[in-house]
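Read through the structure below, which is laid out as structure tokens, and then see the notes.
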Amino acid sequence: MNRKQATLTGFLAVLLWALLALFTVGSAPVPPFQLSALTFLIGGSIGLIWIIKTGEIRRLASIGWRVYVFGTLGLFGYHALYFSALRMAPAAEAGLIAYLWPLMIVLFSGLLPGERLRPLHVAGAIVSFIGAAILVLGGAAGFDMQALPGYGLAFLCALTWSGYSVLSRRLGDTPTASVVVFCFATATLAAAAHILWEDTSWPQGALGWASVLGLGLGPVGLAFYVWDIGVKRGDIQFLGAASYSAPLLSTLVLILAGVADPHPSLLLAGGLITFGALMAARASSVRDEQT
């Protein structure tokens with residue numbers, strides 16, 4: 001798989017994450033950690049079927065335990081911090097801070113061997129972040145200073161996922177099959193957190209169970225496998241900037257499903273996010289041509 005193919009494969013994760021909000025709404029009233037346990041169990045199971053059929057399962061024994069700890073902390077840590085932040089701070093503001101991770105990926109990627117960070121990469125990520133801010137904040141009343149602990153957790157959430165994504169590139173020789181173990185370990189930790197802190201509540205009806213299955217197959221399943229391929233072998237700067245299209249696409253999906261109403265800021269946000277991604281793509285194109 002060449003660099004361009006790996007980038008396109010990684011971008012599939014962004015498209016799948018656009019379905020996250022819709023499926024999460026449909027899975028109500030399942031609490032967050034229980035939902036994580038169920039969906040990561042599904043995601044790990046489909047990965048297990050894949051590595052058994054392809055023979056990749058034999059490679060798991062050669063992977064060091066530190067890699068498994070790293071991957072589990074990345075997946076579980078991100079979700080635990082995100083859920084905690086939303087409990088301690090207003091959802092829109094905390095969600096926006098958590099969505100600093102694409103910008104952080106672009107910035108941190110400049111520290112990777114063989115990667116060159118161009119000003120246009122940074123500018124594109126910032127423009128896209130502004131677009132995401134307009135979209136996510138919407139009618140939010142402003143930042144509440146009493147919610148600072150929640151905002152801090154949201155920032156750690158962004159730092160966790162960006163660090164996981166960038167450092168994954170340093171593990172380029174580690175097979176994507178390792179994500180199967182990450183998913184099962186995350187499901188186990190999420191189940192423990194659910195038992196400790198949540199009351200059990202199962203999905204309601206066929207729609208609820210279909211939403212949980214959809215989450216496990218897509219945004220919390222296949223997405224993490226293709227993202228692993230993208231950040232290890234693809235254009236990580238472009239993927240970082242392009243990730244800001246996820247909240248835009250997610251909003252459009254919710255509108256089409258009749259769950260959310262369209263608002264005027266959607267057009268402006270979409271324009272900024274698209275323009276920022278094009279700036280990053282142009283920077284990558286110039287770099288590849290020079291190379």
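Residues are named by chain letter and number: chains run A, B, ... in the order of the structure tokens, numbers start at 1 in each chain, and ligands are numbered from 1 in the order shown.
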
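For region 117-120 of chain A, the non-local neighbours within 8 Å, defined as residues at least 3 positions apart in the same chain or in other chains and counting only C-alpha atoms, are Val106, Leu107, Ser109, Gly110, Ala123, Gly124, Gln237, Met279, Ala280, Arg282 and Ala283 of chain A.
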
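The residue set within 9 Å of Leu213 (chain A), counting only C-alpha atoms and dropping same-chain residues fewer than 6 places from it, reads Phe23, Leu38, Thr39 and Ile42 of chain A.
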
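Atom pair CA of Ala92 (chain A) / CA of Val231 (chain A): separated by 27.2 Å.
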
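Using only C-alpha atoms, the nearest neighbour of Ser62 (chain A) within the list A:Ser243, A:Ser211, A:Thr200, A:Ser178 is A:Ser178.
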
Contacts of region 49-121 of chain A with region 166-169 of chain A up to 10 Å, shortest pair per row, only C-alpha atoms, as JSON lines:
{"residue": "A:Val67", "atom": "CA", "partner": "A:Ser168", "partner_atom": "CA", "distance": 9.4}
{"residue": "A:Phe70", "atom": "CA", "partner": "A:Ser168", "partner_atom": "CA", "distance": 9.1}
{"residue": "A:Gly71", "atom": "CA", "partner": "A:Ser168", "partner_atom": "CA", "distance": 8.4}
{"residue": "A:Gly74", "atom": "CA", "partner": "A:Ser168", "partner_atom": "CA", "distance": 9.8}
{"residue": "A:Met104", "atom": "CA", "partner": "A:Val166", "partner_atom": "CA", "distance": 9.2}
{"residue": "A:Ile105", "atom": "CA", "partner": "A:Val166", "partner_atom": "CA", "distance": 6.3}
{"residue": "A:Val106", "atom": "CA", "partner": "A:Val166", "partner_atom": "CA", "distance": 8.9}
{"residue": "A:Leu107", "atom": "CA", "partner": "A:Val166", "partner_atom": "CA", "distance": 9.8}
{"residue": "A:Phe108", "atom": "CA", "partner": "A:Val166", "partner_atom": "CA", "distance": 6.9}
{"residue": "A:Ser109", "atom": "CA", "partner": "A:Val166", "partner_atom": "CA", "distance": 6.2}
{"residue": "A:Gly110", "atom": "CA", "partner": "A:Val166", "partner_atom": "CA", "distance": 9.7}
{"residue": "A:Leu111", "atom": "CA", "partner": "A:Val166", "partner_atom": "CA", "distance": 9.2}
{"residue": "A:Leu112", "atom": "CA", "partner": "A:Val166", "partner_atom": "CA", "distance": 7.9}
{"residue": "A:Pro113", "atom": "CA", "partner": "A:Arg169", "partner_atom": "CA", "distance": 9.6}

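For the atom pair formed by CA of Tyr68 (chain A) and CA of Leu239 (chain A), the distance is 23.7 Å, given to one decimal.
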
Skipping near chain neighbours, those fewer than 3 positions away, what residues fall within 12 Å of Ala223 (chain A) using only C-alpha atoms, listed as number ranges by chain? A: 9-20, 40, 43-44, 46-47, 75, 176, 179, 183, 214-220, 226-230

With a cut-off of 8 Å, could you pull out the residues of region 124-191 of chain A touching region 245-254 of chain A and give me the nearest pair of atoms for each, distance in Å to one decimal, using only C-alpha atoms, ordered by chain and ascending number, as CSV?
residue,atom,partner,partner_atom,distance
A:Ala132,CA,A:Pro247,CA,6.9
A:Leu135,CA,A:Leu248,CA,7.2
A:Val136,CA,A:Pro247,CA,7.6

Now that the selection is made, can you save its residues with N, CA and C atoms as a PDB file, in the first residue's frame?
ATOM      1  N   ALA A 132     -14.795  24.301  12.862  1.00  0.00           N
ATOM      2  CA  ALA A 132     -15.363  23.359  13.827  1.00  0.00           C
ATOM      3  C   ALA A 132     -15.890  24.079  15.056  1.00  0.00           C
ATOM      4  N   LEU A 135     -19.223  25.489  14.364  1.00  0.00           N
ATOM      5  CA  LEU A 135     -20.206  24.414  14.266  1.00  0.00           C
ATOM      6  C   LEU A 135     -20.556  23.837  15.638  1.00  0.00           C
ATOM      7  N   VAL A 136     -19.536  23.568  16.446  1.00  0.00           N
ATOM      8  CA  VAL A 136     -19.747  22.885  17.724  1.00  0.00           C
ATOM      9  C   VAL A 136     -20.357  23.808  18.770  1.00  0.00           C
TER      10      VAL A 136
END

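Shortest separation to Pro32 (chain A) among A:Ala191, A:Ala177, A:Leu103, A:Ala241 occurs at residue A:Ala191, atoms counted being only C-alpha atoms.
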
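Shortest separation to Pro102 (chain A) among A:Trp50, A:Tyr164, A:Phe129, A:Phe184 occurs at residue A:Phe129, atoms counted being only C-alpha atoms.
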